[in-house]
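A.B. asks: Sending over upload_2.cif (mmCIF, C-alpha atoms and all ligand atoms).
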```cif
data_start
#
loop_
_atom_site.label_atom_id
_atom_site.label_comp_id
_atom_site.auth_asym_id
_atom_site.auth_seq_id
_atom_site.Cartn_x
_atom_site.Cartn_y
_atom_site.Cartn_z
CA MET A 2 0.00 0.00 0.00
CA LYS A 3 2.76 2.40 0.99
CA LYS A 4 4.61 1.68 -2.27
CA THR A 5 1.55 2.62 -4.34
CA VAL A 6 1.22 5.94 -2.58
CA ILE A 7 4.90 6.78 -3.15
CA LEU A 8 4.65 5.83 -6.81
CA PHE A 9 1.57 8.00 -7.18
CA LEU A 10 3.39 10.96 -5.64
CA LEU A 11 6.34 10.48 -7.98
CA MET A 12 4.05 10.31 -11.00
CA CYS A 13 2.34 13.52 -9.97
CA GLY A 14 5.53 15.28 -9.01
CA GLY A 15 5.37 17.31 -12.20
CA THR A 16 8.49 19.09 -13.23
CA ALA A 17 11.40 17.16 -11.68
CA TYR A 18 12.61 15.81 -15.03
CA ALA A 19 16.30 15.32 -15.69
CA GLN A 20 17.70 17.97 -17.98
CA THR A 21 19.16 16.83 -21.27
CA VAL A 22 22.92 17.34 -21.22
CA LEU A 23 25.47 17.69 -24.01
CA ARG A 24 27.13 14.31 -24.33
CA PRO A 25 30.93 14.69 -24.39
CA LEU A 26 32.81 13.64 -27.52
CA PRO A 27 34.24 10.10 -27.26
CA TYR A 28 37.69 11.45 -28.32
CA ALA A 29 39.79 14.60 -27.92
CA ALA A 30 38.72 17.67 -29.90
CA ASP A 31 41.79 17.40 -32.17
CA ALA A 32 41.56 13.60 -32.62
CA LEU A 33 39.82 13.73 -36.01
CA GLU A 34 42.35 16.06 -37.65
CA PRO A 35 43.00 16.62 -40.48
CA VAL A 36 39.55 15.41 -41.63
CA MET A 37 37.78 17.54 -39.00
CA SER A 38 39.70 20.25 -37.17
CA ARG A 39 39.62 21.07 -33.47
CA GLU A 40 38.08 24.43 -34.39
CA THR A 41 35.23 22.74 -36.26
CA LEU A 42 34.55 20.35 -33.37
CA GLU A 43 34.67 23.16 -30.82
CA TYR A 44 32.07 25.13 -32.78
CA HIS A 45 30.01 22.24 -34.10
CA HIS A 46 29.79 20.18 -30.91
CA GLY A 47 30.53 22.86 -28.31
CA LYS A 48 28.31 25.62 -29.71
CA HIS A 49 25.78 24.29 -32.26
CA VAL A 50 24.81 21.09 -30.45
CA GLN A 51 24.92 22.88 -27.08
CA THR A 52 22.32 25.32 -28.47
CA TYR A 53 20.00 22.43 -29.43
CA VAL A 54 20.42 21.05 -25.87
CA ASP A 55 19.64 24.45 -24.30
CA ASN A 56 16.61 24.83 -26.59
CA ILE A 57 15.16 21.40 -25.76
CA ASN A 58 15.54 22.08 -22.02
CA ARG A 59 13.60 25.31 -22.53
CA LEU A 60 10.94 23.79 -24.82
CA VAL A 61 9.87 20.46 -23.26
CA PRO A 62 8.89 21.28 -19.63
CA GLY A 63 5.13 21.05 -19.30
CA THR A 64 4.70 19.16 -22.60
CA LEU A 65 4.13 15.47 -23.39
CA PHE A 66 7.82 15.29 -24.33
CA ALA A 67 9.26 16.20 -20.92
CA GLY A 68 11.59 13.45 -19.77
CA ARG A 69 11.40 11.61 -23.09
CA SER A 70 14.42 10.40 -25.09
CA MET A 71 15.63 12.18 -28.21
CA GLU A 72 14.68 9.03 -30.14
CA TYR A 73 11.10 9.32 -28.88
CA ILE A 74 11.02 13.03 -29.73
CA SER A 75 12.38 12.29 -33.24
CA LYS A 76 9.57 9.78 -33.77
CA TYR A 77 6.60 11.65 -32.36
CA ALA A 78 7.27 15.40 -32.08
CA ASP A 79 7.07 18.08 -34.71
CA GLY A 80 7.90 21.79 -34.92
CA ALA A 81 10.59 23.24 -32.68
CA ILE A 82 10.67 20.27 -30.28
CA PHE A 83 11.28 17.88 -33.20
CA ASN A 84 13.89 20.17 -34.77
CA ASN A 85 15.98 20.50 -31.62
CA GLY A 86 15.47 16.96 -30.27
CA ALA A 87 16.20 15.28 -33.60
CA GLN A 88 19.30 17.43 -34.04
CA ILE A 89 20.59 16.22 -30.63
CA TYR A 90 19.87 12.61 -31.64
CA ASN A 91 21.44 13.05 -35.10
CA HIS A 92 24.63 14.62 -33.77
CA GLN A 93 25.09 11.90 -31.14
CA LEU A 94 25.08 9.26 -33.86
CA PHE A 95 27.25 11.43 -36.10
CA PHE A 96 30.00 12.11 -33.55
CA ASP A 97 29.86 8.66 -31.91
CA GLY A 98 30.32 7.02 -35.33
CA PHE A 99 33.80 8.50 -35.84
CA ALA A 100 37.22 7.50 -34.56
CA PRO A 101 40.69 8.91 -35.23
CA GLU A 102 41.80 7.88 -38.71
CA SER A 103 44.64 5.73 -37.30
CA ILE A 104 42.23 3.49 -35.35
CA ALA A 105 38.91 3.71 -37.26
CA ARG A 106 38.03 0.46 -39.02
CA GLN A 107 37.23 1.94 -42.42
CA ILE A 108 35.60 -1.14 -43.91
CA PRO A 109 32.56 -3.03 -42.57
CA ALA A 110 32.66 -6.76 -41.83
CA GLY A 111 30.36 -9.58 -40.78
CA PRO A 112 26.57 -9.49 -41.19
CA LEU A 113 26.52 -5.77 -42.02
CA LEU A 114 28.99 -6.22 -44.88
CA ALA A 115 26.87 -9.13 -46.15
CA ALA A 116 23.76 -6.89 -46.07
CA ILE A 117 25.61 -4.07 -47.88
CA ILE A 118 26.71 -6.47 -50.63
CA CYS A 119 23.18 -7.86 -50.87
CA ASP A 120 21.53 -4.42 -51.21
CA PHE A 121 24.23 -2.37 -53.01
CA GLY A 122 26.43 -4.89 -54.82
CA THR A 123 29.75 -3.79 -53.31
CA PHE A 124 30.92 -1.60 -50.42
CA GLU A 125 32.43 0.78 -52.98
CA ASN A 126 29.10 1.06 -54.77
CA PHE A 127 27.33 1.71 -51.46
CA ARG A 128 29.73 4.60 -50.75
CA LYS A 129 29.16 5.95 -54.25
CA GLU A 130 25.35 5.89 -53.86
CA PHE A 131 25.51 7.40 -50.36
CA THR A 132 27.86 10.19 -51.49
CA ALA A 133 25.64 10.92 -54.52
CA SER A 134 22.59 11.25 -52.27
CA ALA A 135 24.50 13.64 -49.97
CA SER A 136 25.85 15.67 -52.92
CA ASN A 137 22.37 16.08 -54.35
CA LEU A 138 20.78 17.29 -51.10
CA PHE A 139 20.09 20.98 -51.64
CA GLY A 140 20.54 23.08 -48.51
CA SER A 141 20.89 21.86 -44.93
CA GLY A 142 20.07 18.31 -43.91
CA TRP A 143 21.29 14.78 -43.35
CA THR A 144 22.07 11.71 -45.43
CA TRP A 145 21.42 8.39 -43.68
CA LEU A 146 22.07 4.71 -44.11
CA SER A 147 19.28 2.95 -42.22
CA VAL A 148 17.84 -0.52 -41.85
CA ASP A 149 14.11 -1.24 -42.05
CA PRO A 150 12.28 -3.80 -39.87
CA SER A 151 12.68 -6.48 -42.58
CA GLY A 152 16.49 -6.02 -42.56
CA LYS A 153 16.75 -4.16 -45.86
CA LEU A 154 19.21 -1.25 -46.00
CA HIS A 155 18.21 2.20 -47.30
CA ILE A 156 20.07 5.37 -48.29
CA ALA A 157 18.05 8.60 -48.07
CA SER A 158 18.62 12.32 -47.58
CA TYR A 159 16.36 14.54 -45.47
CA PRO A 160 16.13 18.33 -45.12
CA ASN A 161 16.92 20.11 -41.84
CA ALA A 162 16.79 17.78 -38.78
CA GLY A 163 15.36 14.81 -40.67
CA ASN A 164 16.22 11.19 -39.92
CA PRO A 165 14.60 7.82 -40.75
CA LEU A 166 13.06 7.18 -37.29
CA LYS A 167 9.58 8.42 -38.26
CA GLU A 168 9.52 5.77 -41.03
CA GLY A 169 10.29 3.02 -38.51
CA ASN A 170 13.86 2.51 -39.72
CA THR A 171 16.94 2.34 -37.50
CA PRO A 172 19.61 4.91 -38.45
CA LEU A 173 23.11 3.42 -38.87
CA VAL A 174 25.32 6.12 -40.46
CA GLY A 175 24.46 9.82 -40.74
CA PHE A 176 26.42 12.51 -42.55
CA ASP A 177 25.71 16.08 -41.47
CA ILE A 178 25.20 18.16 -44.61
CA TRP A 179 24.73 21.49 -42.81
CA GLU A 180 27.39 24.00 -43.81
CA HIS A 181 28.37 24.45 -40.15
CA SER A 182 29.87 20.94 -40.28
CA TYR A 183 32.38 21.71 -43.04
CA TYR A 184 32.67 25.41 -43.71
CA ILE A 185 35.66 26.09 -41.43
CA ASP A 186 37.75 23.24 -42.89
CA TYR A 187 36.49 22.95 -46.46
CA ARG A 188 34.79 26.29 -47.19
CA ASN A 189 32.53 25.62 -50.21
CA LYS A 190 34.14 22.29 -51.14
CA LYS A 191 31.37 19.98 -50.01
CA ALA A 192 32.66 17.14 -52.24
CA ASP A 193 36.02 17.11 -50.42
CA TYR A 194 34.26 17.04 -47.04
CA LEU A 195 32.10 14.08 -48.11
CA LYS A 196 35.08 12.19 -49.53
CA ASN A 197 37.19 12.72 -46.41
CA LEU A 198 34.47 11.77 -43.92
CA TRP A 199 34.80 8.10 -44.92
CA ARG A 200 38.34 8.13 -43.47
CA ILE A 201 37.00 8.55 -39.92
CA VAL A 202 33.80 6.46 -40.02
CA ASP A 203 34.40 3.58 -37.59
CA TRP A 204 32.49 0.60 -38.94
CA LYS A 205 32.95 -1.23 -35.64
CA VAL A 206 30.47 1.24 -34.15
CA VAL A 207 28.10 0.97 -37.13
CA GLU A 208 28.12 -2.83 -36.93
CA SER A 209 27.13 -2.75 -33.29
CA ARG A 210 24.17 -0.47 -34.16
CA TYR A 211 23.17 -2.92 -36.89
CA GLU A 212 23.51 -6.00 -34.71
CA ASN A 213 21.84 -4.54 -31.60
CA ARG A 214 18.83 -2.96 -33.28
MN MN B 301 25.54 19.78 -37.34
#
```
Hey, can you dump this file as structure tokens for me?
Ligand code: MN
C.D. replies:
Amino acid sequence: MKKTVILFLLMCGGTAYAQTVLRPLPYAADALEPVMSRETLEYHHGKHVQTYVDNINRLVPGTLFAGRSMEYISKYADGAIFNNGAQIYNHQLFFDGFAPESIARQIPAGPLLAAIICDFGTFENFRKEFTASASNLFGSGWTWLSVDPSGKLHIASYPNAGNPLKEGNTPLVGFDIWEHSYYIDYRNKKADYLKNLWRIVDWKVVESRYENR
């Protein structure tokens, strides 16, 4: 009886939700050089993503999305809450999917490699199709490799904060196509940014997303 009362009080407590915090990078700020400079990471992670975190902490109290994960917000929210929550989710996958060039495993293996060969012919062809999708995205957005509930892989680009969660797919690799992610290091040379990003994608991380979905 006592337990029920305590639970009820907790449920009705209202606003004591944990704040969303900026997740630290899993490597030093200069660890991805020369593909991504310390300056880019300090602005991109330290300023842009921090702003999305500050915004979500301002926007969700008192809404149905208070205390919810960024994955849940990506699936069910729209407007400003979706924009900021999905950007936090997208950037976590983006930054967590990289490793310093010297230790990143740049080629997939195991069941994920088998799925890539099944759906795209070769790994090289997959990279070509993914890069073409990213090159053709006009304006700010994201290009994603995702897996649908049947196990089929998909490449698609989305404007703004878009990701494949609303379609029921699990995102595996996301490339940030906002200019803030490459303008310091590459200026207007988006093609060079896209080509170089493959050097720091750590397929060990991507495989674990694929296998644990
Ligand atoms: Mn970004």
A.B. asks: Mind listing the residues within 8 Å of ligand MN 301 (chain B), all atoms listed in the file counted, as a ChimeraX atom specification?
C.D. replies: /A:45-46,49-50,88,92,177-182
A.B. asks: So the first atom is atom CA of Tyr183 of chain A and the second is atom CA of Gly98 of chain A; what is the distance between them in Å, to one decimal place?
C.D. replies: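 We find that atom CA of Tyr183 of chain A and atom CA of Gly98 of chain A lie 16.7 Å from each other.
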A.B. asks: Can I get the residues of segment 54-85 of chain A within 10 Å of segment 16-29 of chain A, each with the closest pair of atoms and their distance in Å to one decimal, using only C-alpha atoms, sorted chain first then ascending number, as CSV?
C.D. replies:
```
residue,atom,partner,partner_atom,distance
A:Val54,CA,A:Leu23,CA,6.3
A:Asp55,CA,A:Thr21,CA,8.2
A:Asn56,CA,A:Thr21,CA,9.9
A:Ile57,CA,A:Thr21,CA,7.6
A:Asn58,CA,A:Gln20,CA,6.2
A:Arg59,CA,A:Gln20,CA,9.6
A:Val61,CA,A:Gln20,CA,9.8
A:Pro62,CA,A:Thr16,CA,6.8
A:Gly63,CA,A:Thr16,CA,7.2
A:Ala67,CA,A:Tyr18,CA,6.8
A:Gly68,CA,A:Tyr18,CA,5.4
A:Arg69,CA,A:Tyr18,CA,9.2
A:Ser70,CA,A:Thr21,CA,8.9
A:Met71,CA,A:Thr21,CA,9.1
```
A.B. asks: Report, in Å with one decimal, the straight-line distance from atom CA of Thr123 of chain A to atom CA of Phe96 of chain A.
C.D. replies: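 Interatomic distance, atom CA of Thr123 of chain A to atom CA of Phe96 of chain A: 25.4 Å.
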A.B. asks: Check the smallest atom-to-atom distance from each of A:Val207, A:Lys153, A:Phe176, A:Ala100 to Tyr194 of chain A using all atoms listed in the file, then report the winner.
C.D. replies: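 Checking each candidate against Tyr194 of chain A, we get A:Phe176 as the closest.
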A.B. asks: Within 12 Å of segment 196-203 of chain A, which residues of segment 117-137 of chain A come that close, and what is the closest atom pair and distance in Å for each? Count all atoms listed in the file and give it as CSV.
C.D. replies:
```
residue,atom,partner,partner_atom,distance
A:Phe124,CA,A:Trp199,CA,11.8
A:Glu125,CA,A:Trp199,CA,11.1
A:Phe127,CA,A:Trp199,CA,11.8
A:Arg128,CA,A:Trp199,CA,8.5
A:Lys129,CA,A:Lys196,CA,9.8
A:Phe131,CA,A:Lys196,CA,10.7
A:Thr132,CA,A:Lys196,CA,7.7
A:Ala133,CA,A:Lys196,CA,10.8
A:Ala135,CA,A:Lys196,CA,10.7
A:Ser136,CA,A:Lys196,CA,10.4
```
A.B. asks: Taking (23.3, 3.4, -49.5) in the file's coordinates as the center, which residues reach within 9 Å of it, counting only C-alpha atoms, put as a count of residues only?
C.D. replies: 18
A.B. asks: Give me the residues within 9 Å of Pro150 of chain A as a list in words, counting only C-alpha atoms and dropping any in the same chain fewer than 3 places off.
C.D. replies: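 Here the qualifying residues turn out to be Lys153, Gly169, Asn170 and Thr171 of chain A.
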A.B. asks: Counting only C-alpha atoms, which of A:Gln93, A:Thr41, A:Ser151, A:Asn137 gets nearest to Arg214 of chain A?
C.D. replies: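 When distances to Arg214 of chain A are compared using only C-alpha atoms, the smallest one comes from A:Ser151.
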A.B. asks: Work out how far apart atom CA of Asn164 of chain A and atom CA of Glu34 of chain A are and give it in Å to one decimal.
C.D. replies: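 Result for atom CA of Asn164 of chain A versus atom CA of Glu34 of chain A: 26.7 Å, one decimal.
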A.B. asks: Nearest to Leu42 of chain A: which of A:Phe95, A:Gly122, A:Gln107, A:Asn189 is it, counting all atoms listed in the file?
C.D. replies: A:Phe95
A.B. asks: Might you pull out every residue within 12 Å of Asn161 of chain A, with all atoms listed in the file counted and same-chain residues fewer than 3 positions away left off, and present them as a list in words?
C.D. replies: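 Near Asn161 of chain A, the qualifying residues are Gly80, Ala81, Phe83, Asn84, Asn85, Ala87, Gln88, Asn91, Leu138, Phe139, Gly140, Ser141, Gly142, Trp143, Thr144, Ser158, Asn164, Asp177, Ile178, Trp179 and Glu180 of chain A.
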A.B. asks: Rank A:Ala78, A:Val206, A:Ile185, A:Ile108 by their smallest atom-to-atom distance to Tyr44 of chain A, using only C-alpha atoms, and report the top residue only.
C.D. replies: A:Ile185
A.B. asks: Find the smallest box with edges along x, y and z containing every listed atom of segment 76-93 of chain A, then add 3 Å on each side and report centre and edge lengths in Å to one decimal, as lines of an AutoDock Vina configuration file.
C.D. replies:
```
center_x = 15.8
center_y = 16.5
center_z = -32.7
size_x = 24.5
size_y = 19.5
size_z = 10.8
```
A.B. asks: Tell me which of A:Leu173, A:Leu195, A:Ala162, A:Tyr184 sits closest to Gly86 of chain A, counting only C-alpha atoms.
C.D. replies: A:Ala162
A.B. asks: Name all residues at most 10 Å from Pro35 of chain A (count only C-alpha atoms; drop same-chain ones fewer than 2 positions away) and give them as a list in words.
C.D. replies: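 After dropping sequence-adjacent residues, the list is Asp31, Ala32, Leu33, Met37, Ser38, Arg39, Pro101, Glu102, Asp186 and Asn197 of chain A.
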A.B. asks: Of the candidates A:Leu60, A:Ala30, A:Asp193, A:Pro172, which one gets nearest to Arg210 of chain A if we count only C-alpha atoms?
C.D. replies: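 For Arg210 of chain A, the nearest of the candidates is A:Pro172.
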